[in-house]
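Text of data.txt (compact mmCIF, C-alpha atoms) as supplied:
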```
# COMPACT_ATOMS: atom_id res chain seq x y z
CA MET R 186 -5.77 66.27 56.34
CA LYS R 187 -4.08 62.91 57.24
CA ILE R 188 -6.04 61.16 54.51
CA LEU R 189 -4.76 63.66 51.95
CA VAL R 190 -1.17 63.12 53.08
CA TYR R 191 -1.49 59.32 52.83
CA SER R 192 -3.01 59.65 49.34
CA VAL R 193 -0.14 61.80 48.18
CA LEU R 194 2.38 59.32 49.61
CA LEU R 195 0.68 56.32 47.95
CA LEU R 196 0.53 58.15 44.63
CA GLY R 197 4.20 58.93 44.89
CA LEU R 198 5.09 55.32 45.67
CA SER R 199 2.94 54.06 42.79
CA MET R 200 4.56 56.41 40.32
CA SER R 201 7.97 55.42 41.64
CA CYS R 202 7.23 51.67 41.19
CA SER R 203 5.86 52.18 37.66
CA ALA R 204 8.92 54.09 36.70
CA ASP R 205 11.15 51.37 38.17
CA GLU R 206 9.32 48.60 36.25
CA LYS R 207 9.51 50.61 33.05
CA ASP R 208 13.20 51.15 33.58
CA ALA R 209 13.66 47.45 34.36
CA THR R 210 11.90 46.53 31.11
CA LEU R 211 13.97 48.96 29.14
CA THR R 212 17.18 47.75 30.73
CA GLN R 213 16.26 44.01 30.52
CA LYS R 214 18.99 41.94 28.92
CA PRO R 215 17.79 40.50 25.57
CA ILE R 216 17.29 36.72 25.43
CA GLN R 217 19.62 34.90 23.07
CA VAL R 218 17.53 32.97 20.52
CA THR R 219 18.07 30.80 17.48
CA VAL R 220 15.93 31.83 14.54
CA ASN R 221 15.07 29.72 11.53
CA GLN R 222 13.28 30.39 8.27
CA PRO R 223 10.67 27.98 6.86
CA GLU R 224 12.21 26.75 3.66
CA SER R 225 8.80 26.02 2.16
CA ASN R 226 10.37 23.61 -0.29
CA SER R 227 12.50 26.32 -1.81
CA GLU R 228 11.62 24.97 -5.25
CA GLY R 229 7.91 25.61 -4.72
CA ALA R 230 5.27 23.86 -2.66
CA PHE R 231 4.06 20.41 -1.73
CA ALA R 232 0.94 18.35 -1.28
CA THR R 233 0.40 15.61 1.26
CA ALA R 234 -1.67 12.42 1.10
CA SER R 235 -2.39 9.59 3.52
CA GLY R 236 -2.52 5.89 2.82
CA LYS R 237 -0.96 2.60 3.83
CA LEU R 238 1.71 0.12 2.83
CA VAL R 239 0.65 -2.85 0.72
CA SER R 240 2.55 -5.78 -0.72
CA LYS R 241 3.55 -5.39 -4.34
CA ASN R 242 3.21 -9.16 -4.82
CA SER R 243 0.02 -10.50 -3.25
CA VAL R 244 -1.99 -13.54 -4.39
CA ASN R 245 -5.09 -15.34 -3.22
CA VAL R 246 -4.74 -19.13 -3.15
CA SER R 247 -7.85 -21.02 -4.31
CA THR R 248 -8.81 -24.26 -6.05
CA ARG R 249 -10.74 -25.14 -9.20
CA MET R 250 -12.39 -28.11 -7.49
CA MET R 251 -15.30 -28.49 -5.13
CA GLY R 252 -14.67 -30.76 -2.19
CA TYR R 253 -13.90 -31.00 1.50
CA ILE R 254 -10.53 -29.73 2.69
CA THR R 255 -8.73 -32.78 4.07
CA GLY R 256 -5.43 -31.05 4.83
CA LEU R 257 -4.48 -27.43 5.51
CA ARG R 258 -0.77 -27.02 6.20
CA ALA R 259 -0.71 -23.28 6.67
CA GLU R 260 -1.04 -20.70 9.44
CA VAL R 261 -1.13 -16.92 9.39
CA GLY R 262 2.39 -15.52 9.67
CA GLN R 263 4.02 -18.67 8.28
CA ASN R 264 6.77 -18.31 5.67
CA VAL R 265 6.22 -20.48 2.61
CA SER R 266 8.21 -21.23 -0.52
CA ALA R 267 6.93 -21.39 -4.08
CA GLY R 268 5.71 -24.93 -4.84
CA GLN R 269 5.17 -25.86 -1.19
CA LEU R 270 2.06 -27.99 -0.54
CA LEU R 271 -0.53 -25.98 1.39
CA VAL R 272 -4.01 -27.45 0.87
CA SER R 273 -5.37 -30.93 0.10
CA ILE R 274 -8.90 -31.47 -1.24
CA ASN R 275 -10.91 -34.70 -1.00
CA SER R 276 -10.25 -36.56 -4.28
CA THR R 277 -12.82 -39.41 -4.01
CA ASP R 278 -14.87 -38.13 -6.95
CA ILE R 279 -11.77 -37.65 -9.07
CA GLN R 280 -10.61 -41.17 -8.27
CA ALA R 281 -13.97 -42.53 -9.44
CA LYS R 282 -13.71 -40.56 -12.67
CA GLY R 283 -10.18 -41.82 -13.09
CA GLY R 284 -11.41 -45.43 -12.82
CA GLN R 285 -14.09 -44.75 -15.42
CA ALA R 286 -11.54 -43.16 -17.73
CA ASN R 287 -9.24 -46.18 -17.41
CA ALA R 288 -12.12 -48.54 -18.24
CA GLN R 289 -13.09 -46.49 -21.28
CA ILE R 290 -9.49 -46.48 -22.47
CA SER R 291 -9.33 -50.28 -22.19
CA GLN R 292 -12.56 -50.68 -24.12
CA ALA R 293 -11.56 -48.17 -26.77
CA GLN R 294 -8.15 -49.81 -27.11
CA ALA R 295 -9.75 -53.23 -27.68
CA ASN R 296 -12.11 -51.80 -30.33
CA PHE R 297 -9.21 -50.03 -32.00
CA ASN R 298 -7.08 -53.19 -32.13
CA ILE R 299 -9.90 -55.20 -33.75
CA ALA R 300 -10.72 -52.41 -36.20
CA LYS R 301 -7.08 -52.05 -37.18
CA LYS R 302 -6.69 -55.78 -37.84
CA ASP R 303 -9.86 -55.86 -39.95
CA TYR R 304 -8.73 -52.81 -41.91
CA ASP R 305 -5.26 -54.32 -42.55
CA ARG R 306 -6.88 -57.64 -43.65
CA PHE R 307 -9.29 -55.99 -46.06
CA SER R 308 -6.51 -53.83 -47.44
CA ASN R 309 -4.62 -56.97 -48.43
CA LEU R 310 -7.79 -58.58 -49.81
CA TYR R 311 -8.51 -55.50 -51.88
CA LYS R 312 -5.01 -55.58 -53.34
CA SER R 313 -5.58 -59.19 -54.39
CA GLN R 314 -9.01 -58.21 -55.73
CA SER R 315 -10.72 -60.45 -53.16
CA ALA R 316 -12.66 -57.55 -51.54
CA SER R 317 -14.65 -54.71 -53.03
CA GLN R 318 -13.97 -50.99 -52.67
CA LYS R 319 -17.08 -50.57 -50.50
CA GLU R 320 -15.93 -53.25 -48.07
CA LEU R 321 -12.55 -51.56 -47.77
CA ASP R 322 -14.22 -48.17 -47.22
CA ASP R 323 -16.40 -49.65 -44.49
CA MET R 324 -13.37 -51.11 -42.72
CA ARG R 325 -11.51 -47.78 -43.02
CA ALA R 326 -14.46 -45.90 -41.49
CA ARG R 327 -14.69 -48.44 -38.67
CA TYR R 328 -10.97 -48.12 -38.03
CA GLU R 329 -11.07 -44.29 -37.92
CA MET R 330 -14.08 -44.35 -35.55
CA ALA R 331 -12.22 -46.72 -33.22
CA LYS R 332 -9.15 -44.49 -33.33
CA ALA R 333 -11.29 -41.42 -32.51
CA GLY R 334 -12.88 -43.29 -29.60
CA LEU R 335 -9.45 -44.19 -28.22
CA ASP R 336 -8.28 -40.56 -28.53
CA ALA R 337 -11.41 -39.36 -26.69
CA ALA R 338 -10.87 -41.83 -23.85
CA GLN R 339 -7.23 -40.77 -23.51
CA ALA R 340 -8.24 -37.08 -23.51
CA MET R 341 -10.71 -37.81 -20.70
CA LYS R 342 -7.91 -39.46 -18.75
CA SER R 343 -5.73 -36.37 -19.27
CA GLU R 344 -8.56 -34.18 -17.95
CA VAL R 345 -8.86 -36.36 -14.85
CA ASN R 346 -5.11 -36.15 -14.30
CA ALA R 347 -5.32 -32.34 -14.58
CA GLN R 348 -8.07 -32.28 -11.95
CA TYR R 349 -5.88 -34.40 -9.70
CA ARG R 350 -3.39 -31.54 -9.61
CA TYR R 351 -6.06 -29.24 -8.18
CA THR R 352 -6.63 -31.55 -5.24
CA ASN R 353 -3.18 -30.54 -3.98
CA VAL R 354 -2.78 -26.76 -3.91
CA THR R 355 0.75 -25.40 -3.71
CA ALA R 356 2.10 -21.90 -3.04
CA PRO R 357 2.39 -19.91 -6.29
CA ILE R 358 4.99 -17.51 -4.81
CA SER R 359 7.36 -17.35 -1.87
CA GLY R 360 6.20 -15.12 0.95
CA VAL R 361 4.22 -14.89 4.17
CA ILE R 362 0.65 -16.09 4.75
CA THR R 363 -1.29 -13.00 5.79
CA ALA R 364 -4.88 -14.32 5.75
CA LYS R 365 -6.66 -17.64 6.17
CA TYR R 366 -10.28 -17.97 5.02
CA ALA R 367 -11.00 -21.68 5.62
CA GLU R 368 -10.21 -24.52 7.99
CA GLN R 369 -9.72 -28.25 7.60
CA GLY R 370 -13.09 -29.90 7.02
CA ASP R 371 -14.63 -26.89 5.27
CA MET R 372 -16.08 -27.20 1.79
CA ALA R 373 -13.87 -25.61 -0.85
CA SER R 374 -15.50 -24.11 -3.93
CA PRO R 375 -13.94 -23.15 -7.27
CA GLY R 376 -12.52 -19.63 -7.06
CA MET R 377 -13.13 -19.30 -3.31
CA PRO R 378 -10.02 -17.84 -1.62
CA ILE R 379 -8.48 -20.15 0.95
CA LEU R 380 -5.26 -18.27 1.78
CA THR R 381 -3.53 -14.99 0.97
CA ILE R 382 0.23 -14.90 0.44
CA GLU R 383 2.21 -11.65 0.34
CA SER R 384 5.84 -11.05 -0.45
CA PRO R 385 7.18 -8.63 2.21
CA SER R 386 10.37 -7.91 0.28
CA ALA R 387 8.57 -5.49 -2.04
CA LEU R 388 6.16 -2.98 -0.47
CA GLN R 389 4.30 -0.08 -2.00
CA ALA R 390 2.60 2.92 -0.46
CA GLN R 391 -0.91 3.44 -1.82
CA VAL R 392 -2.37 6.91 -1.26
CA LEU R 393 -5.33 8.90 -2.59
CA VAL R 394 -4.55 12.28 -4.15
CA SER R 395 -7.11 15.04 -4.78
CA GLU R 396 -8.00 16.19 -8.28
CA GLN R 397 -6.30 19.57 -7.67
CA ASN R 398 -2.94 17.88 -7.10
CA ILE R 399 -3.06 14.78 -9.29
CA ILE R 400 -2.16 16.73 -12.44
CA LEU R 401 1.13 17.74 -10.78
CA VAL R 402 2.12 14.21 -9.75
CA GLN R 403 4.47 12.60 -12.25
CA GLN R 404 5.71 9.05 -12.65
CA GLY R 405 9.22 8.67 -11.24
CA MET R 406 8.79 11.67 -8.91
CA PRO R 407 10.80 11.30 -5.65
CA VAL R 408 8.67 11.65 -2.51
CA LYS R 409 9.04 11.50 1.28
CA ILE R 410 7.17 8.79 3.17
CA THR R 411 6.56 9.10 6.91
CA LEU R 412 5.33 6.17 9.01
CA LYS R 413 2.57 7.40 11.30
CA SER R 414 3.38 4.88 14.04
CA THR R 415 7.11 5.63 14.40
CA ASN R 416 7.58 8.92 12.49
CA GLN R 417 10.30 7.17 10.51
CA VAL R 418 11.01 9.01 7.25
CA LEU R 419 11.68 7.01 4.07
CA THR R 420 12.15 7.89 0.44
CA GLY R 421 10.10 6.57 -2.43
CA THR R 422 9.36 6.92 -6.13
CA VAL R 423 5.98 7.29 -7.82
CA ALA R 424 5.40 4.04 -9.74
CA GLU R 425 1.74 4.15 -10.86
CA ILE R 426 -0.79 6.96 -11.26
CA SER R 427 -4.47 6.15 -11.75
CA LYS R 428 -6.25 8.29 -14.32
CA SER R 429 -9.73 7.59 -12.99
CA SER R 430 -11.44 8.34 -9.68
CA ALA R 431 -14.68 6.51 -10.45
CA ASN R 432 -14.08 3.81 -7.84
CA THR R 433 -12.10 5.83 -5.28
CA GLY R 434 -14.54 8.51 -4.17
CA GLY R 435 -13.35 11.35 -6.38
CA GLN R 436 -9.68 10.91 -5.54
CA TYR R 437 -6.93 9.28 -7.57
CA MET R 438 -4.88 6.26 -6.52
CA VAL R 439 -1.11 6.70 -6.60
CA LYS R 440 1.27 3.81 -5.93
CA ILE R 441 4.77 4.53 -4.65
CA ASN R 442 7.71 2.14 -4.49
CA VAL R 443 9.42 2.25 -1.09
CA SER R 444 13.21 2.42 -1.26
CA ASP R 445 13.89 0.42 1.91
CA SER R 446 11.05 -1.81 3.11
CA LYS R 447 13.15 -3.81 5.58
CA ASN R 448 11.41 -4.25 8.95
CA LEU R 449 8.21 -2.72 7.53
CA LEU R 450 4.86 -4.49 7.56
CA SER R 451 2.01 -4.44 5.10
CA GLY R 452 -0.90 -2.34 6.37
CA MET R 453 1.16 0.35 8.14
CA PHE R 454 -0.31 3.84 7.73
CA VAL R 455 1.84 6.49 6.05
CA ASN R 456 1.89 10.16 5.07
CA VAL R 457 3.40 10.98 1.70
CA GLN R 458 4.79 14.38 0.75
CA PHE R 459 4.82 15.28 -2.96
CA PRO R 460 7.22 18.14 -3.85
CA PHE R 461 6.03 20.48 -6.61
CA LYS R 462 8.16 22.99 -8.46
CA ASN R 463 6.95 26.57 -8.44
CA THR R 464 5.69 27.41 -11.94
CA GLY R 465 4.67 30.94 -11.07
CA LYS R 466 1.00 30.31 -11.71
CA SER R 467 -1.32 31.96 -9.23
CA ASN R 468 -4.21 29.59 -9.74
CA GLN R 469 -2.53 26.48 -8.38
CA ASP R 470 -4.50 25.14 -5.47
CA PHE R 471 -1.81 23.30 -3.55
CA GLN R 472 -0.56 24.60 -0.24
CA GLU R 473 2.78 26.19 0.48
CA GLY R 474 5.26 23.80 2.03
CA VAL R 475 5.61 25.32 5.50
CA VAL R 476 7.28 22.70 7.68
CA ILE R 477 9.01 23.44 11.00
CA PRO R 478 10.63 21.31 13.74
CA LYS R 479 8.29 20.03 16.44
CA SER R 480 10.69 21.43 19.05
CA ALA R 481 9.73 24.97 17.98
CA LEU R 482 6.07 24.50 18.92
CA VAL R 483 4.57 25.91 22.12
CA GLU R 484 1.64 24.01 23.69
CA ASN R 485 -0.95 25.85 25.78
CA GLY R 486 -3.96 23.65 26.49
CA GLN R 487 -5.52 22.81 23.16
CA LEU R 488 -3.71 25.68 21.44
CA THR R 489 -0.45 25.36 19.55
CA GLY R 490 1.80 28.27 18.75
CA VAL R 491 5.26 29.32 17.68
CA TYR R 492 7.31 32.37 18.65
CA THR R 493 8.21 34.78 15.86
CA VAL R 494 10.46 37.86 15.91
CA SER R 495 9.00 41.33 15.37
CA SER R 496 10.71 44.20 13.56
CA SER R 497 11.66 45.64 16.98
CA ASN R 498 13.39 42.38 17.99
CA THR R 499 10.71 41.23 20.44
CA ALA R 500 9.17 37.77 20.74
CA ILE R 501 5.58 37.39 19.50
CA LEU R 502 3.58 34.22 20.14
CA ARG R 503 1.72 33.23 16.98
CA TRP R 504 -1.06 30.62 17.20
CA VAL R 505 -0.89 28.14 14.32
CA LYS R 506 -2.81 25.21 12.91
CA VAL R 507 -0.72 22.09 12.48
CA GLY R 508 -1.17 19.32 9.95
CA LYS R 509 0.59 16.03 9.29
CA ASN R 510 3.81 14.91 10.96
CA PHE R 511 6.93 14.19 8.92
CA GLY R 512 9.39 12.57 11.28
CA ASP R 513 10.65 15.26 13.69
CA GLN R 514 8.94 17.98 11.65
CA VAL R 515 5.33 19.10 11.45
CA GLU R 516 3.30 20.73 8.72
CA ILE R 517 1.88 24.22 9.40
CA LEU R 518 -1.45 24.74 7.68
CA SER R 519 -2.07 28.32 8.78
CA GLY R 520 -0.71 31.02 11.09
CA LEU R 521 2.85 31.14 9.73
CA ASN R 522 3.95 32.40 6.34
CA ALA R 523 6.51 30.53 4.28
CA LYS R 524 9.01 33.43 4.50
CA GLU R 525 8.41 34.40 8.13
CA PRO R 526 11.25 33.65 10.61
CA TYR R 527 10.45 31.80 13.82
CA ILE R 528 12.33 31.02 17.03
CA VAL R 529 13.68 27.48 17.27
CA SER R 530 15.29 27.72 20.72
CA ALA R 531 16.05 30.33 23.40
CA GLN R 532 18.51 30.66 26.28
CA GLY R 533 15.80 31.84 28.65
CA LYS R 534 12.05 31.89 29.14
CA LEU R 535 10.18 33.50 26.27
CA TYR R 536 6.99 35.53 26.57
CA ASN R 537 5.13 38.04 24.47
CA GLY R 538 7.13 41.24 24.16
CA ALA R 539 10.39 39.80 25.51
CA LYS R 540 13.49 41.38 24.01
CA VAL R 541 15.47 38.90 21.93
CA THR R 542 18.75 38.89 20.11
CA LYS R 543 19.86 36.52 17.40
```
Write-out of the structure in structure tokens:
Amino acid sequence: MKILVYSVLLLGLSMSCSADEKDATLTQKPIQVTVNQPESNSEGAFATASGKLVSKNSVNVSTRMMGYITGLRAEVGQNVSAGQLLVSINSTDIQAKGGQANAQISQAQANFNIAKKDYDRFSNLYKSQSASQKELDDMRARYEMAKAGLDAAQAMKSEVNAQYRYTNVTAPISGVITAKYAEQGDMASPGMPILTIESPSALQAQVLVSEQNIILVQQGMPVKITLKSTNQVLTGTVAEISKSSANTGGQYMVKINVSDSKNLLSGMFVNVQFPFKNTGKSNQDFQEGVVIPKSALVENGQLTGVYTVSSSNTAILRWVKVGKNFGDQVEILSGLNAKEPYIVSAQGKLYNGAKVTK
């Protein structure tokens, strides 16, 4: 009998508590929240691509001569000016050829002087009918051969002088030395790069775009560029669009001029966002531009979510898949529709089913 009484009392208390909790839930004051709507690039959608910054003006410094490097006045990170001497190549062989060319010029000049005097003499003798036509023709031929020999010797000297210029390699452009492939004492070969010079004042973003999106990219299109390291957002303009993917693994190279490259370095990784206008076609394979602030995300272990608002004004935690970062915003790949409102901030602790008010 006592057990039955206790059971009835416990049941009554339990029902009383449940009723109180239900009443507390019903009478709970709604949490004030700020709701936002993904704009989804109101004009349509966007595509993203990754790449890096490269110098628009980049040259490899090399020589047309083979020889030992006797002087290398350059270090990585050094600023150089156009025309500045950077590399010196051993010129012993060229000096020997220059001596030979000078000797040949002297010999050819002596032969030319003698041939010219003989030709002038026989010309006068022929006028006075003291020499035959054949003798004059022989002297003329000898004179022309001597003149040709002198021209050949002088041309050889000019070639040696041109090779002298390649023993001293100067900077073709002003910029910064970004790579060094040889050291003093190494053997330089024709066409072998010795240094790389880049001009940091003009940088481009080079990205690879898929074949589904490349047909929508247009020259002159404005884009957003986000630095992966700092999340800094820049603007840019599409400058070049490759029409072949043969050498880029099925994707197409797009080069973008960066509006403000100050304090940026070549080689920095970037994300580029291409905005596309909505044409109304259902077969376009680019993704909707759902981008939300990072502050709206909720982290739970390895899961990422965002609170949305139901039709009954309650908070619902929606798990999402995030993509690339664009400054203080993040791309949502799935889990949130482009026209679905989400909670940006709340004046209280949110949970599933919590009453909210906008």
Just how far from CA of Phe454 in chain R is CA of Val491 in chain R, in Å to one decimal?
27.9 Å
Contacts of Val483 in chain R at 9 Å or less, counting only C-alpha atoms, minus same-chain residues fewer than 5 places along, as a PyMOL selection string?
chain R and resi 488-492+502+504
CA of Ala390 in chain R to CA of Val423 in chain R, straight-line distance in Å
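Computed distance, CA of Val423 in chain R to CA of Ala390 in chain R, equals 9.2 Å.
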For Ser240 in chain R, work out the shell of residues within 9 Å, counting all atoms listed in the file and skipping chain neighbours fewer than 3 positions away, then give it as a ChimeraX atom specification.
/R:243,383-390,450-452
Top pick for closest residue to Gly508 in chain R, considering R:Val244, R:Val476, R:Ala338, R:Leu412 and counting only C-alpha atoms:
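Of the candidates, the smallest distance to Gly508 in chain R is held by R:Val476.
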For Lys282 in chain R, which residue among R:Ser343, R:Lys332, R:Arg325, R:Ile216 is the nearest when counting all atoms listed in the file?
R:Ser343
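Restricting the calculation to all atoms listed in the file, the smallest distance between Leu521 in chain R and any of R:Lys428, R:Lys447, R:Lys413, R:Lys506 is found for R:Lys506.
Taking CA of Val439 in chain R and CA of Glu516 in chain R as endpoints, the distance between them is 21.2 Å.
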For a quick check of your reading of the model, name the residues lying within 6 Å of the coordinate (5.1, -26.4, -4.9), counting all atoms listed in the file, and write them as a list of chain:residue names.
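Output of the proximity query reads R:Ala267, R:Gly268, R:Gln269, R:Leu270, R:Thr355, R:Ala356.
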Identify which of the residues R:Gln292, R:Thr233, R:Thr255, R:Thr381 lies closest to Ile362 in chain R, counting all atoms listed in the file when measuring atom-to-atom distances.
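Of the candidates, the smallest distance to Ile362 in chain R is held by R:Thr381.
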Residues within 10 Å of Ile399 in chain R, please, as a count of residues only. Count all atoms listed in the file; anything in the same chain fewer than 6 positions from it doesn't count.
9
Using only C-alpha atoms: which of R:Lys543, R:Lys440, R:Lys342, R:Lys365 has the shortest distance to Asn287 in chain R
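The shortest atom-to-atom distance to Asn287 in chain R comes from R:Lys342.
For the set R:Ser235, R:Ser495, R:Thr411, R:Gln369, the residue with the smallest atom-to-atom gap to Val272 in chain R is R:Gln369, counting all atoms listed in the file.
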Do a neighbour search on Asn498 in chain R at 7 Å with only C-alpha atoms, toss out local chain neighbours closer than 5 positions, and write the hits as an MDAnalysis selection string.
chainID R and resid 540:542
Skipping near chain neighbours, those fewer than 3 positions away, what residues fall within 8 Å of range 373-380 of chain R using only C-alpha atoms, listed as a PyMOL selection string?
chain R and resi 245-254+274+362-367
Find the residues with any atom within 12 Å of (-13.8, -43.8, -32.4); use all atoms listed in the file and the coordinates as given in the file, and write the answer as a list in words.
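I get Gln289, Ile290, Gln292, Ala293, Gln294, Ala295, Asn296, Phe297, Asn298, Ala300, Lys301, Arg325, Ala326, Arg327, Tyr328, Glu329, Met330, Ala331, Lys332, Ala333, Gly334, Leu335, Asp336, Ala337, Ala338 and Gln339 of chain R for the residues within 12 Å of that point.
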